[in-house]
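Each remark here refers to the structure printed beneath this line.
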Amino acid sequence: MRNRFTICLMLLAAVVYGQDHRASSPWSRLTIKPAVGVLPWSLPVKALTSLSVEYPLKGNWVIGSHTMLASAVTRNTYNVETNYSLQFSQKFGIGYSMTGPRKFVRLTLLAMGGLRRIAFKETLDYPGLEKITTSSRTTMPDVGLLADWSLGRKRYTFNARVYLPFYPFEGYPLSTFQQISIESGVGIRLR
């Protein structure tokens, strides 16, 4: 009888201790990935900063968002002075994440969709010609594939990303070649 009483007390203590343990917050699965990069094939070349946020769903499925702000690095190219050249992009998407056997390397592919805002002002200053200034602002759809490689298995990871745009569809892939971005940064999983 005494052994049964002791066993019941131990089981009760284990159940109480298990219930006392705080349930993990849904925010603890959220991963924030700031990065810097470049749009290397655009003229003028643009440096960018970006923020990617990922939230794992059931299995290996992931939802995410990607925000990017790019600005011209060079100001004078071929007698063209760039007053400003900016791009802002906001995309949301869903994708699939694959890991290596030791879960140290992770590849996440996200199908993204959103909007891109492009604004620039440039001046042609060629000797013997009149100065010509042009400016433009446009908003267009931004549809593409985001490939994200992560190295590390703890709270912090190193990330490298490539964004391959699919829009505009006419003249693809040459029409989107200048919008391919290459980024690298860190990943931080919230606790």
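Order determines the names: the first chain of the structure tokens is A, the second B, and so forth; residues in each chain are numbered 1 upward, and ligands are numbered 1 upward as they are shown.
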
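Residues in contact with stretch 56-60 of chain A at up to 9 Å, not including ones fewer than 5 positions away on its chain and judged by only C-alpha atoms, are A:Arg29, A:Leu30, A:Thr31, A:Gly95, A:Tyr96, A:Ser97, A:Met98.
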
>> as a ChimeraX atom specification, please: every residue in stretch 13-190 of chain A that a backbone DSSP assignment puts in helix (DSSP H, G or I).
In response: /A:13-20,26-29,174-179

Just the selected residues (N, CA and C atoms), exported as a PDB file, in the first residue's frame, please.
ATOM      1  N   ALA A  13       3.054  14.385  -9.204  1.00  0.00           N
ATOM      2  CA  ALA A  13       4.074  15.426  -9.309  1.00  0.00           C
ATOM      3  C   ALA A  13       4.535  15.588 -10.752  1.00  0.00           C
ATOM      4  N   ALA A  14       4.676  14.487 -11.464  1.00  0.00           N
ATOM      5  CA  ALA A  14       5.100  14.556 -12.869  1.00  0.00           C
ATOM      6  C   ALA A  14       4.037  15.244 -13.719  1.00  0.00           C
ATOM      7  N   VAL A  15       2.768  14.944 -13.482  1.00  0.00           N
ATOM      8  CA  VAL A  15       1.686  15.570 -14.247  1.00  0.00           C
ATOM      9  C   VAL A  15       1.617  17.063 -13.934  1.00  0.00           C
ATOM     10  N   VAL A  16       1.729  17.425 -12.664  1.00  0.00           N
ATOM     11  CA  VAL A  16       1.686  18.835 -12.272  1.00  0.00           C
ATOM     12  C   VAL A  16       2.879  19.573 -12.857  1.00  0.00           C
ATOM     13  N   TYR A  17       4.056  18.992 -12.816  1.00  0.00           N
ATOM     14  CA  TYR A  17       5.239  19.635 -13.381  1.00  0.00           C
ATOM     15  C   TYR A  17       5.076  19.802 -14.889  1.00  0.00           C
ATOM     16  N   GLY A  18       4.537  18.787 -15.565  1.00  0.00           N
ATOM     17  CA  GLY A  18       4.324  18.871 -17.016  1.00  0.00           C
ATOM     18  C   GLY A  18       3.327  19.955 -17.376  1.00  0.00           C
ATOM     19  N   GLN A  19       2.298  20.169 -16.584  1.00  0.00           N
ATOM     20  CA  GLN A  19       1.316  21.203 -16.872  1.00  0.00           C
ATOM     21  C   GLN A  19       1.820  22.580 -16.507  1.00  0.00           C
ATOM     22  N   ASP A  20       2.741  22.652 -15.551  1.00  0.00           N
ATOM     23  CA  ASP A  20       3.279  23.931 -15.145  1.00  0.00           C
ATOM     24  C   ASP A  20       4.211  24.505 -16.213  1.00  0.00           C
ATOM     25  N   PRO A  26       3.612  30.848 -30.417  1.00  0.00           N
ATOM     26  CA  PRO A  26       3.677  30.658 -31.861  1.00  0.00           C
ATOM     27  C   PRO A  26       4.726  31.555 -32.501  1.00  0.00           C
ATOM     28  N   TRP A  27       5.110  32.642 -31.822  1.00  0.00           N
ATOM     29  CA  TRP A  27       6.138  33.537 -32.360  1.00  0.00           C
ATOM     30  C   TRP A  27       7.518  32.885 -32.318  1.00  0.00           C
ATOM     31  N   SER A  28       7.677  31.845 -31.491  1.00  0.00           N
ATOM     32  CA  SER A  28       8.993  31.227 -31.363  1.00  0.00           C
ATOM     33  C   SER A  28       9.423  30.503 -32.635  1.00  0.00           C
ATOM     34  N   ARG A  29       8.515  30.218 -33.517  1.00  0.00           N
ATOM     35  CA  ARG A  29       8.850  29.539 -34.769  1.00  0.00           C
ATOM     36  C   ARG A  29       9.155  30.525 -35.896  1.00  0.00           C
ATOM     37  N   LEU A 174      14.575  37.492 -70.938  1.00  0.00           N
ATOM     38  CA  LEU A 174      15.373  38.704 -71.124  1.00  0.00           C
ATOM     39  C   LEU A 174      14.736  39.922 -70.473  1.00  0.00           C
ATOM     40  N   SER A 175      13.415  39.971 -70.413  1.00  0.00           N
ATOM     41  CA  SER A 175      12.735  41.135 -69.844  1.00  0.00           C
ATOM     42  C   SER A 175      12.945  41.250 -68.339  1.00  0.00           C
ATOM     43  N   THR A 176      13.297  40.171 -67.657  1.00  0.00           N
ATOM     44  CA  THR A 176      13.454  40.199 -66.203  1.00  0.00           C
ATOM     45  C   THR A 176      14.895  40.001 -65.752  1.00  0.00           C
ATOM     46  N   PHE A 177      15.811  39.863 -66.688  1.00  0.00           N
ATOM     47  CA  PHE A 177      17.205  39.573 -66.365  1.00  0.00           C
ATOM     48  C   PHE A 177      17.811  40.610 -65.427  1.00  0.00           C
ATOM     49  N   GLN A 178      17.478  41.897 -65.594  1.00  0.00           N
ATOM     50  CA  GLN A 178      18.059  42.952 -64.774  1.00  0.00           C
ATOM     51  C   GLN A 178      17.491  43.006 -63.359  1.00  0.00           C
ATOM     52  N   GLN A 179      16.435  42.282 -63.075  1.00  0.00           N
ATOM     53  CA  GLN A 179      15.803  42.334 -61.755  1.00  0.00           C
ATOM     54  C   GLN A 179      16.204  41.177 -60.853  1.00  0.00           C
TER      55      GLN A 179
END

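Each of A:Ile182, A:Val53, A:Ala47, A:Ala70 was checked against A:Ser89 using only C-alpha atoms; the smallest atom-to-atom distance is that of A:Ala70.
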
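Of the residues listed (A:Leu86, A:Val36, A:Met112, A:Leu69), A:Val36 shows the shortest atom-to-atom separation from A:Arg161; distances use only C-alpha atoms.
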
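Across the model, the gap from atom CA of A:Thr139 to atom CA of A:Ser184 is 26.0 Å.
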
Within 8 Å of A:Glu122, counting only C-alpha atoms, which residues qualify if same-chain residues fewer than 2 places away don't, as a PDB file with N, CA and C atoms, in the first residue's frame?
ATOM      1  N   VAL A  80      25.633  59.789 -68.440  1.00  0.00           N
ATOM      2  CA  VAL A  80      24.302  59.856 -67.845  1.00  0.00           C
ATOM      3  C   VAL A  80      24.471  60.004 -66.341  1.00  0.00           C
ATOM      4  N   GLU A  81      23.966  61.103 -65.808  1.00  0.00           N
ATOM      5  CA  GLU A  81      24.024  61.347 -64.372  1.00  0.00           C
ATOM      6  C   GLU A  81      22.718  60.881 -63.744  1.00  0.00           C
ATOM      7  N   THR A  82      22.820  59.987 -62.757  1.00  0.00           N
ATOM      8  CA  THR A  82      21.650  59.471 -62.068  1.00  0.00           C
ATOM      9  C   THR A  82      21.379  60.335 -60.841  1.00  0.00           C
ATOM     10  N   ASN A  83      20.282  61.052 -60.854  1.00  0.00           N
ATOM     11  CA  ASN A  83      19.899  61.854 -59.692  1.00  0.00           C
ATOM     12  C   ASN A  83      19.400  60.941 -58.568  1.00  0.00           C
ATOM     13  N   TYR A  84      18.520  59.999 -58.910  1.00  0.00           N
ATOM     14  CA  TYR A  84      18.111  58.943 -57.992  1.00  0.00           C
ATOM     15  C   TYR A  84      17.574  57.780 -58.810  1.00  0.00           C
ATOM     16  N   PHE A 120      12.947  56.678 -60.867  1.00  0.00           N
ATOM     17  CA  PHE A 120      14.284  57.154 -61.197  1.00  0.00           C
ATOM     18  C   PHE A 120      14.210  58.507 -61.876  1.00  0.00           C
ATOM     19  N   LEU A 124      20.986  63.263 -69.164  1.00  0.00           N
ATOM     20  CA  LEU A 124      21.996  63.020 -70.187  1.00  0.00           C
ATOM     21  C   LEU A 124      22.763  64.315 -70.404  1.00  0.00           C
ATOM     22  N   THR A 133      16.713  65.687 -69.303  1.00  0.00           N
ATOM     23  CA  THR A 133      16.392  65.039 -68.029  1.00  0.00           C
ATOM     24  C   THR A 133      15.107  64.245 -68.188  1.00  0.00           C
ATOM     25  N   THR A 134      15.125  63.029 -67.671  1.00  0.00           N
ATOM     26  CA  THR A 134      13.932  62.190 -67.709  1.00  0.00           C
ATOM     27  C   THR A 134      13.706  61.591 -66.322  1.00  0.00           C
ATOM     28  N   SER A 135      12.450  61.432 -65.964  1.00  0.00           N
ATOM     29  CA  SER A 135      12.117  60.793 -64.691  1.00  0.00           C
ATOM     30  C   SER A 135      10.889  59.921 -64.890  1.00  0.00           C
TER      31      SER A 135
END

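If you count only C-alpha atoms and ignore residues fewer than 6 places along the chain from A:Ser65, what sits within 10 Å of it is Ile32, Leu51, Ser52, Val53, Glu54, Tyr55, Gln90, Lys91, Phe92, Gly93, Ile94, Leu110, Met112, Gly113 and Gly114 of chain A.
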
Convert the current residue selection to file output with all heavy atoms, as a short mmCIF file (atom, residue, chain, number, x, y, z; two decimals), in the first residue's frame.
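Once written, part33.cif looks like this:
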data_model
loop_
_atom_site.label_atom_id
_atom_site.label_comp_id
_atom_site.auth_asym_id
_atom_site.auth_seq_id
_atom_site.Cartn_x
_atom_site.Cartn_y
_atom_site.Cartn_z
N ILE A 32 13.46 35.65 -38.71
CA ILE A 32 13.68 36.94 -39.36
C ILE A 32 15.07 36.90 -39.98
O ILE A 32 16.03 36.54 -39.32
CB ILE A 32 13.56 38.10 -38.35
CG1 ILE A 32 12.14 38.12 -37.78
CG2 ILE A 32 13.92 39.42 -38.99
CD1 ILE A 32 11.95 39.10 -36.66
N LEU A 51 14.61 42.22 -46.07
CA LEU A 51 14.17 41.53 -44.87
C LEU A 51 13.23 40.42 -45.30
O LEU A 51 12.21 40.68 -45.96
CB LEU A 51 13.47 42.48 -43.91
CG LEU A 51 12.96 41.85 -42.62
CD1 LEU A 51 14.13 41.40 -41.75
CD2 LEU A 51 12.08 42.81 -41.86
N SER A 52 13.57 39.21 -44.93
CA SER A 52 12.72 38.06 -45.23
C SER A 52 12.22 37.50 -43.90
O SER A 52 12.99 37.39 -42.95
CB SER A 52 13.53 37.00 -45.99
OG SER A 52 12.75 35.87 -46.25
N VAL A 53 10.95 37.19 -43.84
CA VAL A 53 10.35 36.61 -42.63
C VAL A 53 9.71 35.30 -43.04
O VAL A 53 8.95 35.25 -44.01
CB VAL A 53 9.30 37.57 -42.03
CG1 VAL A 53 8.64 36.94 -40.82
CG2 VAL A 53 9.92 38.90 -41.68
N GLU A 54 10.02 34.22 -42.31
CA GLU A 54 9.48 32.90 -42.61
C GLU A 54 8.81 32.31 -41.39
O GLU A 54 9.29 32.48 -40.26
CB GLU A 54 10.58 31.96 -43.09
CG GLU A 54 11.18 32.35 -44.41
CD GLU A 54 12.27 31.41 -44.85
OE1 GLU A 54 12.56 30.41 -44.14
OE2 GLU A 54 12.87 31.67 -45.90
N TYR A 55 7.70 31.60 -41.64
CA TYR A 55 6.98 30.92 -40.57
C TYR A 55 6.66 29.50 -41.05
O TYR A 55 5.98 29.33 -42.06
CB TYR A 55 5.68 31.66 -40.23
CG TYR A 55 4.97 31.09 -39.04
CD1 TYR A 55 5.39 31.40 -37.76
CD2 TYR A 55 3.90 30.22 -39.19
CE1 TYR A 55 4.75 30.87 -36.65
CE2 TYR A 55 3.25 29.70 -38.10
CZ TYR A 55 3.68 30.02 -36.83
OH TYR A 55 3.05 29.50 -35.74
N GLN A 90 7.58 44.53 -52.19
CA GLN A 90 6.98 43.78 -51.08
C GLN A 90 6.26 42.58 -51.66
O GLN A 90 5.39 42.73 -52.52
CB GLN A 90 6.00 44.65 -50.29
CG GLN A 90 5.28 43.91 -49.19
CD GLN A 90 6.21 43.44 -48.08
OE1 GLN A 90 6.89 44.24 -47.49
NE2 GLN A 90 6.23 42.15 -47.82
N LYS A 91 6.65 41.38 -51.20
CA LYS A 91 6.09 40.14 -51.73
C LYS A 91 5.71 39.21 -50.59
O LYS A 91 6.35 39.22 -49.54
CB LYS A 91 7.10 39.44 -52.64
CG LYS A 91 7.59 40.27 -53.78
CD LYS A 91 8.72 39.61 -54.53
CE LYS A 91 10.03 39.63 -53.83
NZ LYS A 91 10.67 40.90 -53.67
N PHE A 92 4.71 38.36 -50.83
CA PHE A 92 4.30 37.32 -49.90
C PHE A 92 4.25 36.01 -50.68
O PHE A 92 3.98 36.02 -51.88
CB PHE A 92 2.92 37.62 -49.30
CG PHE A 92 2.90 38.89 -48.51
CD1 PHE A 92 2.47 40.06 -49.09
CD2 PHE A 92 3.33 38.90 -47.19
CE1 PHE A 92 2.45 41.25 -48.38
CE2 PHE A 92 3.31 40.08 -46.48
CZ PHE A 92 2.87 41.25 -47.06
N GLY A 93 4.48 34.90 -49.99
CA GLY A 93 4.45 33.64 -50.72
C GLY A 93 4.40 32.43 -49.82
O GLY A 93 4.42 32.51 -48.60
N ILE A 94 4.35 31.29 -50.49
CA ILE A 94 4.33 29.99 -49.82
C ILE A 94 5.33 29.10 -50.53
O ILE A 94 5.56 29.25 -51.73
CB ILE A 94 2.91 29.38 -49.82
CG1 ILE A 94 2.87 28.13 -48.95
CG2 ILE A 94 2.43 29.10 -51.24
CD1 ILE A 94 1.47 27.68 -48.59
N LEU A 110 10.39 29.51 -52.30
CA LEU A 110 9.12 30.19 -52.08
C LEU A 110 8.61 30.79 -53.38
O LEU A 110 9.35 31.52 -54.05
CB LEU A 110 9.29 31.32 -51.06
CG LEU A 110 9.57 30.91 -49.62
CD1 LEU A 110 10.10 32.09 -48.84
CD2 LEU A 110 8.33 30.38 -48.97
N MET A 112 6.61 33.59 -54.84
CA MET A 112 6.27 34.89 -54.27
C MET A 112 5.41 35.71 -55.23
O MET A 112 5.52 35.58 -56.45
CB MET A 112 7.54 35.70 -53.97
CG MET A 112 8.56 34.99 -53.11
SD MET A 112 8.01 34.71 -51.44
CE MET A 112 8.30 36.27 -50.71
N GLY A 113 4.59 36.58 -54.66
CA GLY A 113 3.79 37.52 -55.43
C GLY A 113 3.58 38.79 -54.64
O GLY A 113 3.40 38.75 -53.43
N GLY A 114 3.63 39.93 -55.33
CA GLY A 114 3.46 41.20 -54.64
C GLY A 114 3.57 42.37 -55.60
O GLY A 114 3.23 42.25 -56.78
#

> With only C-alpha atoms as the basis for distance, which of A:Gly152, A:Pro165, A:Gly187, A:Pro40 is at the shortest distance from A:Arg102?
Replying inline: A:Gly152

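Restricting the calculation to only C-alpha atoms, the smallest distance between A:Ala72 and any of A:Thr123, A:Ser42, A:Thr99, A:Ser150 is found for A:Ser42.
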
>> For A:Thr138, find every residue with an atom within 7 Å (counting only C-alpha atoms), except residues of its own chain fewer than 4 positions away, and show them as an MDAnalysis selection string.
In response: chainID A and resid 117:119

Export, as a PDB file, in the first residue's frame, the selected residues with N, CA and C atoms.
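Now in result.pdb:
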ATOM      1  N   ARG A 117       7.742  48.900 -56.796  1.00  0.00           N
ATOM      2  CA  ARG A 117       7.670  50.334 -57.111  1.00  0.00           C
ATOM      3  C   ARG A 117       9.049  50.764 -57.583  1.00  0.00           C
ATOM      4  N   ILE A 118       9.112  51.338 -58.783  1.00  0.00           N
ATOM      5  CA  ILE A 118      10.361  51.783 -59.377  1.00  0.00           C
ATOM      6  C   ILE A 118      10.268  53.281 -59.639  1.00  0.00           C
ATOM      7  N   ALA A 119      11.306  54.032 -59.233  1.00  0.00           N
ATOM      8  CA  ALA A 119      11.355  55.474 -59.478  1.00  0.00           C
ATOM      9  C   ALA A 119      12.786  55.863 -59.816  1.00  0.00           C
TER      10      ALA A 119
END

> Per DSSP on the backbone, what are the strand (DSSP E or B) residues of chain A, as an MDAnalysis selection string?
Replying inline: chainID A and resid 31:39 46:56 61:72 76:77 80:99 105:124 132:151 156:165 181:189

Output file for the selection above: C-alpha atoms, as an mmCIF file, in the first residue's frame:
data_model
loop_
_atom_site.group_PDB
_atom_site.id
_atom_site.type_symbol
_atom_site.label_atom_id
_atom_site.label_comp_id
_atom_site.auth_asym_id
_atom_site.auth_seq_id
_atom_site.Cartn_x
_atom_site.Cartn_y
_atom_site.Cartn_z
ATOM 1 C CA THR A 31 12.520 33.447 -38.389
ATOM 2 C CA ILE A 32 13.679 36.943 -39.365
ATOM 3 C CA LYS A 33 16.408 37.170 -42.008
ATOM 4 C CA PRO A 34 17.910 40.620 -42.709
ATOM 5 C CA ALA A 35 20.342 40.782 -45.638
ATOM 6 C CA VAL A 36 22.306 43.047 -47.951
ATOM 7 C CA GLY A 37 22.878 42.413 -51.617
ATOM 8 C CA VAL A 38 22.989 43.726 -55.141
ATOM 9 C CA LEU A 39 21.041 43.877 -58.398
ATOM 10 C CA LYS A 46 21.923 48.890 -57.347
ATOM 11 C CA ALA A 47 22.814 47.922 -53.770
ATOM 12 C CA LEU A 48 19.929 46.586 -51.715
ATOM 13 C CA THR A 49 18.822 45.802 -48.205
ATOM 14 C CA SER A 50 16.131 43.236 -47.604
ATOM 15 C CA LEU A 51 14.172 41.527 -44.871
ATOM 16 C CA SER A 52 12.724 38.058 -45.227
ATOM 17 C CA VAL A 53 10.352 36.614 -42.634
ATOM 18 C CA GLU A 54 9.476 32.902 -42.611
ATOM 19 C CA TYR A 55 6.975 30.915 -40.574
ATOM 20 C CA PRO A 56 6.944 27.094 -40.808
ATOM 21 C CA TRP A 61 5.726 23.919 -45.802
ATOM 22 C CA VAL A 62 6.610 27.551 -45.144
ATOM 23 C CA ILE A 63 4.871 30.906 -45.585
ATOM 24 C CA GLY A 64 6.959 34.022 -45.894
ATOM 25 C CA SER A 65 7.358 37.632 -46.889
ATOM 26 C CA HIS A 66 10.215 39.473 -48.579
ATOM 27 C CA THR A 67 10.768 43.236 -48.475
ATOM 28 C CA MET A 68 13.499 44.870 -50.547
ATOM 29 C CA LEU A 69 14.788 48.430 -50.988
ATOM 30 C CA ALA A 70 17.432 49.070 -53.665
ATOM 31 C CA SER A 71 19.282 52.243 -54.634
ATOM 32 C CA ALA A 72 21.824 53.087 -57.345
ATOM 33 C CA ASN A 76 27.592 58.665 -63.586
ATOM 34 C CA THR A 77 27.600 56.086 -66.378
ATOM 35 C CA VAL A 80 24.302 59.856 -67.845
ATOM 36 C CA GLU A 81 24.024 61.347 -64.372
ATOM 37 C CA THR A 82 21.650 59.471 -62.068
ATOM 38 C CA ASN A 83 19.899 61.854 -59.692
ATOM 39 C CA TYR A 84 18.111 58.943 -57.992
ATOM 40 C CA SER A 85 17.187 55.384 -58.876
ATOM 41 C CA LEU A 86 15.124 53.503 -56.285
ATOM 42 C CA GLN A 87 13.231 50.236 -56.147
ATOM 43 C CA PHE A 88 10.912 49.033 -53.387
ATOM 44 C CA SER A 89 9.355 45.591 -53.437
ATOM 45 C CA GLN A 90 6.980 43.785 -51.079
ATOM 46 C CA LYS A 91 6.087 40.142 -51.731
ATOM 47 C CA PHE A 92 4.303 37.318 -49.901
ATOM 48 C CA GLY A 93 4.451 33.644 -50.719
ATOM 49 C CA ILE A 94 4.326 29.992 -49.824
ATOM 50 C CA GLY A 95 6.926 27.335 -50.385
ATOM 51 C CA TYR A 96 8.702 24.188 -49.320
ATOM 52 C CA SER A 97 11.805 23.715 -47.190
ATOM 53 C CA MET A 98 14.276 20.826 -47.592
ATOM 54 C CA THR A 99 17.078 19.909 -45.182
ATOM 55 C CA VAL A 105 21.928 22.967 -44.561
ATOM 56 C CA ARG A 106 18.402 24.063 -45.498
ATOM 57 C CA LEU A 107 17.049 25.045 -48.923
ATOM 58 C CA THR A 108 13.752 26.909 -48.995
ATOM 59 C CA LEU A 109 11.944 27.632 -52.271
ATOM 60 C CA LEU A 110 9.125 30.191 -52.075
ATOM 61 C CA ALA A 111 6.714 31.161 -54.859
ATOM 62 C CA MET A 112 6.271 34.892 -54.273
ATOM 63 C CA GLY A 113 3.786 37.515 -55.429
ATOM 64 C CA GLY A 114 3.458 41.200 -54.645
ATOM 65 C CA LEU A 115 4.200 44.718 -55.900
ATOM 66 C CA ARG A 116 7.323 46.524 -57.075
ATOM 67 C CA ARG A 117 7.670 50.334 -57.111
ATOM 68 C CA ILE A 118 10.361 51.783 -59.377
ATOM 69 C CA ALA A 119 11.355 55.474 -59.478
ATOM 70 C CA PHE A 120 14.284 57.154 -61.197
ATOM 71 C CA LYS A 121 15.504 60.498 -62.519
ATOM 72 C CA GLU A 122 18.463 60.729 -64.898
ATOM 73 C CA THR A 123 20.143 63.493 -66.897
ATOM 74 C CA LEU A 124 21.996 63.020 -70.187
ATOM 75 C CA ILE A 132 18.011 66.072 -71.303
ATOM 76 C CA THR A 133 16.392 65.039 -68.029
ATOM 77 C CA THR A 134 13.932 62.190 -67.709
ATOM 78 C CA SER A 135 12.117 60.793 -64.691
ATOM 79 C CA SER A 136 9.672 57.963 -64.204
ATOM 80 C CA ARG A 137 7.663 56.311 -61.455
ATOM 81 C CA THR A 138 5.765 53.097 -61.902
ATOM 82 C CA THR A 139 4.166 50.340 -59.853
ATOM 83 C CA MET A 140 4.044 46.854 -61.309
ATOM 84 C CA PRO A 141 3.347 43.281 -60.212
ATOM 85 C CA ASP A 142 6.266 41.329 -58.816
ATOM 86 C CA VAL A 143 5.992 37.559 -59.285
ATOM 87 C CA GLY A 144 8.925 35.205 -58.880
ATOM 88 C CA LEU A 145 10.796 32.451 -57.093
ATOM 89 C CA LEU A 146 12.902 33.056 -53.968
ATOM 90 C CA ALA A 147 15.610 30.454 -53.269
ATOM 91 C CA ASP A 148 17.082 30.709 -49.750
ATOM 92 C CA TRP A 149 20.033 28.630 -48.500
ATOM 93 C CA SER A 150 20.578 28.545 -44.720
ATOM 94 C CA LEU A 151 23.648 27.178 -42.937
ATOM 95 C CA TYR A 156 21.351 31.917 -35.729
ATOM 96 C CA THR A 157 22.085 30.958 -39.332
ATOM 97 C CA PHE A 158 23.977 32.339 -42.309
ATOM 98 C CA ASN A 159 21.746 32.840 -45.363
ATOM 99 C CA ALA A 160 22.236 33.371 -49.078
ATOM 100 C CA ARG A 161 19.234 34.216 -51.296
ATOM 101 C CA VAL A 162 18.544 34.595 -54.992
ATOM 102 C CA TYR A 163 15.300 36.096 -56.289
ATOM 103 C CA LEU A 164 14.316 35.130 -59.840
ATOM 104 C CA PRO A 165 11.454 37.333 -61.133
ATOM 105 C CA SER A 181 18.853 39.919 -56.940
ATOM 106 C CA ILE A 182 21.619 38.244 -54.940
ATOM 107 C CA GLU A 183 21.582 38.660 -51.151
ATOM 108 C CA SER A 184 23.365 37.361 -48.062
ATOM 109 C CA GLY A 185 22.761 37.877 -44.370
ATOM 110 C CA VAL A 186 21.856 36.218 -41.087
ATOM 111 C CA GLY A 187 18.781 34.412 -39.851
ATOM 112 C CA ILE A 188 17.440 34.849 -36.324
ATOM 113 C CA ARG A 189 14.768 32.557 -34.908
#

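Pairwise distance (atom CA of A:Lys131, atom CA of A:Pro44) equals 19.0 Å.
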
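Going from atom CA of A:Leu190 to atom CA of A:Arg153 covers 13.6 Å.
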